[in-house]
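Report on the structure given below.
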Amino acid sequence: MIEVSTYYGNTKDFRGFVKRVSMDCKETQHCIQLFLKDELDDGAAQKFVEHVRSCNECMEELTIEYLLSEGMSRLENADDIDVQKELEEMLNRTMARVRRKKQLKAGLFLLISMLLCMLFLGGT
C-alpha cells in the first residue's frame, strides 16, 4: 500500500503540524490510478472516497479513468459494463474495508485493555 501523506488544514497531529481531514481535487485526481489498483493506504482511501462522492468533477474523472482501464479490456471480450454500478461497488467495498479495520483495531484495544486490567487486578 502507498501512503499518501500530505499536511492540510483542520486537525493537528502530535508534531504540531496541521493535518487536513479531506483531499482536494488535485490530490484526488493524483490518486485515481492508485485507487483503481487498490494501492492506497486506508486513510488515503477513505479521504479519496469521501471526496469523490462529494465532488462531481472528480467522480467524472474517476469514471473516465475506470472506463479507460477496465472498460477497454472488457469491450474487447464483448462483456457488458455498468461503470456507475461497478464504481459504486468499488467505493462501497473500500469504505467497508476501512470500517472493518477500524473496528478490529478498536476490538483489539479493548481486549488488550481488559487483559491488562485482569492481570493487574488479579495479581493483587
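Chain identifiers are assigned as A, B, and so on, following the order in which chains appear in the C-alpha cells; residues are numbered from 1 within each chain, and ligands are numbered from 1 in order of appearance.
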Looking only at strand (DSSP E) from DSSP on the backbone, list the matching residues of segment 3-120 of chain A as a PyMOL selection string.
chain A and resi 11-12+18-19
Atoms kept (all heavy atoms) for selection, written as a PDB file, in the first residue's frame:
```
ATOM      1  N   THR A  11      -6.916  19.367  11.584  1.00  0.00           N
ATOM      2  CA  THR A  11      -6.619  18.590  12.765  1.00  0.00           C
ATOM      3  C   THR A  11      -5.114  18.563  12.999  1.00  0.00           C
ATOM      4  O   THR A  11      -4.375  18.258  12.087  1.00  0.00           O
ATOM      5  CB  THR A  11      -7.090  17.139  12.587  1.00  0.00           C
ATOM      6  OG1 THR A  11      -8.294  17.131  11.871  1.00  0.00           O
ATOM      7  CG2 THR A  11      -7.279  16.464  13.883  1.00  0.00           C
ATOM      8  N   LYS A  12      -4.687  18.846  14.199  1.00  0.00           N
ATOM      9  CA  LYS A  12      -3.252  18.845  14.484  1.00  0.00           C
ATOM     10  C   LYS A  12      -2.792  17.437  14.834  1.00  0.00           C
ATOM     11  O   LYS A  12      -3.456  16.720  15.553  1.00  0.00           O
ATOM     12  CB  LYS A  12      -2.927  19.791  15.625  1.00  0.00           C
ATOM     13  CG  LYS A  12      -3.096  21.235  15.234  1.00  0.00           C
ATOM     14  CD  LYS A  12      -2.380  22.138  16.170  1.00  0.00           C
ATOM     15  CE  LYS A  12      -2.521  23.542  15.639  1.00  0.00           C
ATOM     16  NZ  LYS A  12      -1.631  24.480  16.201  1.00  0.00           N
ATOM     17  N   VAL A  18      -0.440  20.703  10.988  1.00  0.00           N
ATOM     18  CA  VAL A  18      -1.880  20.689  10.779  1.00  0.00           C
ATOM     19  C   VAL A  18      -2.159  19.676   9.677  1.00  0.00           C
ATOM     20  O   VAL A  18      -1.571  19.733   8.609  1.00  0.00           O
ATOM     21  CB  VAL A  18      -2.394  22.084  10.390  1.00  0.00           C
ATOM     22  CG1 VAL A  18      -3.871  22.044  10.097  1.00  0.00           C
ATOM     23  CG2 VAL A  18      -2.096  23.063  11.507  1.00  0.00           C
ATOM     24  N   LYS A  19      -3.008  18.729   9.948  1.00  0.00           N
ATOM     25  CA  LYS A  19      -3.305  17.654   9.015  1.00  0.00           C
ATOM     26  C   LYS A  19      -4.721  17.821   8.485  1.00  0.00           C
ATOM     27  O   LYS A  19      -5.652  17.893   9.250  1.00  0.00           O
ATOM     28  CB  LYS A  19      -3.168  16.318   9.746  1.00  0.00           C
ATOM     29  CG  LYS A  19      -3.030  15.151   8.848  1.00  0.00           C
ATOM     30  CD  LYS A  19      -2.719  13.918   9.667  1.00  0.00           C
ATOM     31  CE  LYS A  19      -2.493  12.740   8.783  1.00  0.00           C
ATOM     32  NZ  LYS A  19      -2.182  11.550   9.545  1.00  0.00           N
TER      33      LYS A  19
END
```
In Å to one decimal, how far is atom CA of Asp41 of chain A from atom CA of Phe109 of chain A?
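It comes out at 20.7 Å.
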Picked from segment 16-99 of chain A by DSSP as helix (DSSP H, G or I), as a compact mmCIF listing (two decimals) with N, CA and C atoms, in the first residue's frame:
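Dumped to selection.txt:
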```txt
# COMPACT_ATOMS: atom_id res chain seq x y z
N CYS A 25 -9.21 18.44 -4.94
CA CYS A 25 -9.37 17.84 -6.27
C CYS A 25 -8.04 17.41 -6.87
N LYS A 26 -7.02 18.21 -6.71
CA LYS A 26 -5.71 17.88 -7.29
C LYS A 26 -5.17 16.58 -6.70
N GLU A 27 -5.23 16.44 -5.38
CA GLU A 27 -4.74 15.22 -4.73
C GLU A 27 -5.59 14.03 -5.11
N THR A 28 -6.90 14.22 -5.19
CA THR A 28 -7.81 13.14 -5.55
C THR A 28 -7.51 12.65 -6.95
N GLN A 29 -7.33 13.55 -7.90
CA GLN A 29 -7.05 13.15 -9.27
C GLN A 29 -5.70 12.46 -9.37
N HIS A 30 -4.75 12.86 -8.54
CA HIS A 30 -3.45 12.21 -8.49
C HIS A 30 -3.57 10.76 -7.98
N CYS A 31 -4.55 10.51 -7.14
CA CYS A 31 -4.72 9.20 -6.51
C CYS A 31 -5.63 8.24 -7.28
N ILE A 32 -6.23 8.68 -8.37
CA ILE A 32 -7.20 7.84 -9.07
C ILE A 32 -6.60 6.50 -9.49
N GLN A 33 -5.46 6.51 -10.15
CA GLN A 33 -4.85 5.25 -10.59
C GLN A 33 -4.45 4.38 -9.40
N LEU A 34 -3.97 5.00 -8.33
CA LEU A 34 -3.63 4.24 -7.13
C LEU A 34 -4.87 3.58 -6.54
N PHE A 35 -5.98 4.31 -6.55
CA PHE A 35 -7.23 3.75 -6.04
C PHE A 35 -7.69 2.58 -6.91
N LEU A 36 -7.65 2.76 -8.21
CA LEU A 36 -8.11 1.69 -9.12
C LEU A 36 -7.24 0.45 -9.01
N ASP A 42 -5.34 2.85 3.95
CA ASP A 42 -6.73 3.03 4.38
C ASP A 42 -7.11 4.48 4.59
N GLY A 43 -6.25 5.26 5.21
CA GLY A 43 -6.57 6.67 5.46
C GLY A 43 -6.76 7.45 4.17
N ALA A 44 -5.83 7.25 3.23
CA ALA A 44 -5.93 7.94 1.94
C ALA A 44 -7.13 7.45 1.16
N ALA A 45 -7.39 6.14 1.23
CA ALA A 45 -8.55 5.58 0.51
C ALA A 45 -9.84 6.17 1.03
N GLN A 46 -9.95 6.31 2.34
CA GLN A 46 -11.16 6.88 2.93
C GLN A 46 -11.34 8.33 2.49
N LYS A 47 -10.28 9.11 2.53
CA LYS A 47 -10.35 10.51 2.11
C LYS A 47 -10.69 10.61 0.62
N PHE A 48 -10.12 9.69 -0.17
CA PHE A 48 -10.38 9.66 -1.60
C PHE A 48 -11.87 9.41 -1.86
N VAL A 49 -12.42 8.37 -1.24
CA VAL A 49 -13.84 8.02 -1.44
C VAL A 49 -14.74 9.16 -0.99
N GLU A 50 -14.46 9.73 0.16
CA GLU A 50 -15.29 10.83 0.66
C GLU A 50 -15.27 12.01 -0.31
N HIS A 51 -14.11 12.33 -0.86
CA HIS A 51 -14.03 13.45 -1.78
C HIS A 51 -14.76 13.14 -3.09
N VAL A 52 -14.52 11.96 -3.64
CA VAL A 52 -15.14 11.59 -4.92
C VAL A 52 -16.66 11.59 -4.81
N ARG A 53 -17.18 11.15 -3.69
CA ARG A 53 -18.63 11.13 -3.50
C ARG A 53 -19.21 12.54 -3.36
N SER A 54 -18.38 13.49 -3.00
CA SER A 54 -18.90 14.85 -2.81
C SER A 54 -18.53 15.81 -3.95
N ASN A 56 -18.53 16.21 -8.06
CA ASN A 56 -18.95 15.69 -9.36
C ASN A 56 -17.81 15.64 -10.37
N GLU A 57 -16.94 16.64 -10.35
CA GLU A 57 -15.83 16.67 -11.30
C GLU A 57 -14.87 15.51 -11.08
N CYS A 58 -14.55 15.22 -9.83
CA CYS A 58 -13.63 14.12 -9.54
C CYS A 58 -14.29 12.77 -9.80
N MET A 59 -15.60 12.67 -9.53
CA MET A 59 -16.32 11.44 -9.85
C MET A 59 -16.31 11.20 -11.36
N GLU A 60 -16.47 12.27 -12.11
CA GLU A 60 -16.43 12.15 -13.57
C GLU A 60 -15.04 11.70 -14.04
N GLU A 61 -14.00 12.26 -13.44
CA GLU A 61 -12.63 11.87 -13.80
C GLU A 61 -12.37 10.41 -13.43
N LEU A 62 -12.84 9.99 -12.25
CA LEU A 62 -12.71 8.60 -11.84
C LEU A 62 -13.44 7.68 -12.81
N THR A 63 -14.62 8.07 -13.23
CA THR A 63 -15.42 7.28 -14.17
C THR A 63 -14.67 7.12 -15.50
N ILE A 64 -14.10 8.20 -15.98
CA ILE A 64 -13.35 8.15 -17.24
C ILE A 64 -12.13 7.24 -17.11
N GLU A 65 -11.37 7.41 -16.03
CA GLU A 65 -10.18 6.58 -15.81
C GLU A 65 -10.55 5.11 -15.67
N TYR A 66 -11.64 4.83 -14.95
CA TYR A 66 -12.09 3.45 -14.78
C TYR A 66 -12.50 2.86 -16.12
N LEU A 67 -13.22 3.63 -16.89
CA LEU A 67 -13.66 3.18 -18.20
C LEU A 67 -12.47 2.89 -19.10
N LEU A 68 -11.47 3.75 -19.05
CA LEU A 68 -10.27 3.53 -19.86
C LEU A 68 -9.50 2.28 -19.42
N SER A 69 -9.34 2.12 -18.12
CA SER A 69 -8.54 0.98 -17.64
C SER A 69 -9.30 -0.34 -17.69
N GLU A 70 -10.52 -0.35 -17.24
CA GLU A 70 -11.31 -1.58 -17.15
C GLU A 70 -12.15 -1.81 -18.39
N GLY A 71 -12.71 -0.76 -18.90
CA GLY A 71 -13.67 -0.89 -20.00
C GLY A 71 -13.08 -1.40 -21.29
N MET A 72 -11.87 -0.98 -21.62
CA MET A 72 -11.29 -1.38 -22.90
C MET A 72 -11.11 -2.89 -22.98
N SER A 73 -10.57 -3.49 -21.93
CA SER A 73 -10.37 -4.94 -21.96
C SER A 73 -11.71 -5.69 -21.96
N ARG A 74 -12.67 -5.15 -21.26
CA ARG A 74 -13.99 -5.79 -21.21
C ARG A 74 -14.73 -5.64 -22.53
N LEU A 75 -14.54 -4.52 -23.21
CA LEU A 75 -15.18 -4.32 -24.50
C LEU A 75 -14.61 -5.27 -25.55
N GLU A 76 -13.30 -5.53 -25.47
CA GLU A 76 -12.67 -6.46 -26.39
C GLU A 76 -13.26 -7.86 -26.25
N VAL A 83 -20.52 0.98 -15.64
CA VAL A 83 -19.46 1.74 -14.98
C VAL A 83 -19.92 2.31 -13.65
N GLN A 84 -21.07 2.97 -13.63
CA GLN A 84 -21.54 3.60 -12.40
C GLN A 84 -21.75 2.57 -11.29
N LYS A 85 -22.38 1.46 -11.63
CA LYS A 85 -22.63 0.42 -10.63
C LYS A 85 -21.32 -0.17 -10.11
N GLU A 86 -20.41 -0.48 -11.02
CA GLU A 86 -19.15 -1.09 -10.61
C GLU A 86 -18.30 -0.13 -9.78
N LEU A 87 -18.28 1.14 -10.16
CA LEU A 87 -17.53 2.12 -9.37
C LEU A 87 -18.15 2.29 -7.99
N GLU A 88 -19.46 2.35 -7.91
CA GLU A 88 -20.13 2.48 -6.61
C GLU A 88 -19.82 1.28 -5.72
N GLU A 89 -19.81 0.09 -6.30
CA GLU A 89 -19.47 -1.11 -5.54
C GLU A 89 -18.02 -1.05 -5.05
N MET A 90 -17.12 -0.56 -5.91
CA MET A 90 -15.72 -0.43 -5.52
C MET A 90 -15.56 0.58 -4.38
N LEU A 91 -16.25 1.71 -4.48
CA LEU A 91 -16.20 2.71 -3.41
C LEU A 91 -16.78 2.16 -2.11
N ASN A 92 -17.89 1.43 -2.21
CA ASN A 92 -18.51 0.83 -1.01
C ASN A 92 -17.59 -0.22 -0.38
N ARG A 93 -16.96 -1.05 -1.19
CA ARG A 93 -16.04 -2.07 -0.66
C ARG A 93 -14.87 -1.42 0.07
N THR A 94 -14.37 -0.33 -0.50
CA THR A 94 -13.25 0.37 0.13
C THR A 94 -13.64 0.90 1.50
N MET A 95 -14.80 1.55 1.58
CA MET A 95 -15.24 2.09 2.86
C MET A 95 -15.54 0.99 3.86
N ALA A 96 -16.10 -0.12 3.39
CA ALA A 96 -16.38 -1.25 4.28
C ALA A 96 -15.07 -1.83 4.83
N ARG A 97 -14.04 -1.92 3.99
CA ARG A 97 -12.74 -2.41 4.44
C ARG A 97 -12.14 -1.49 5.49
N VAL A 98 -12.24 -0.20 5.27
CA VAL A 98 -11.71 0.78 6.23
C VAL A 98 -12.45 0.65 7.56
N ARG A 99 -13.79 0.54 7.51
CA ARG A 99 -14.58 0.40 8.74
C ARG A 99 -14.23 -0.89 9.48
```
Give me, please, the distance in Å between atom CA of Lys102 of chain A and atom CA of Gly122 of chain A, quoted to one decimal.
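The value is 29.6 Å.
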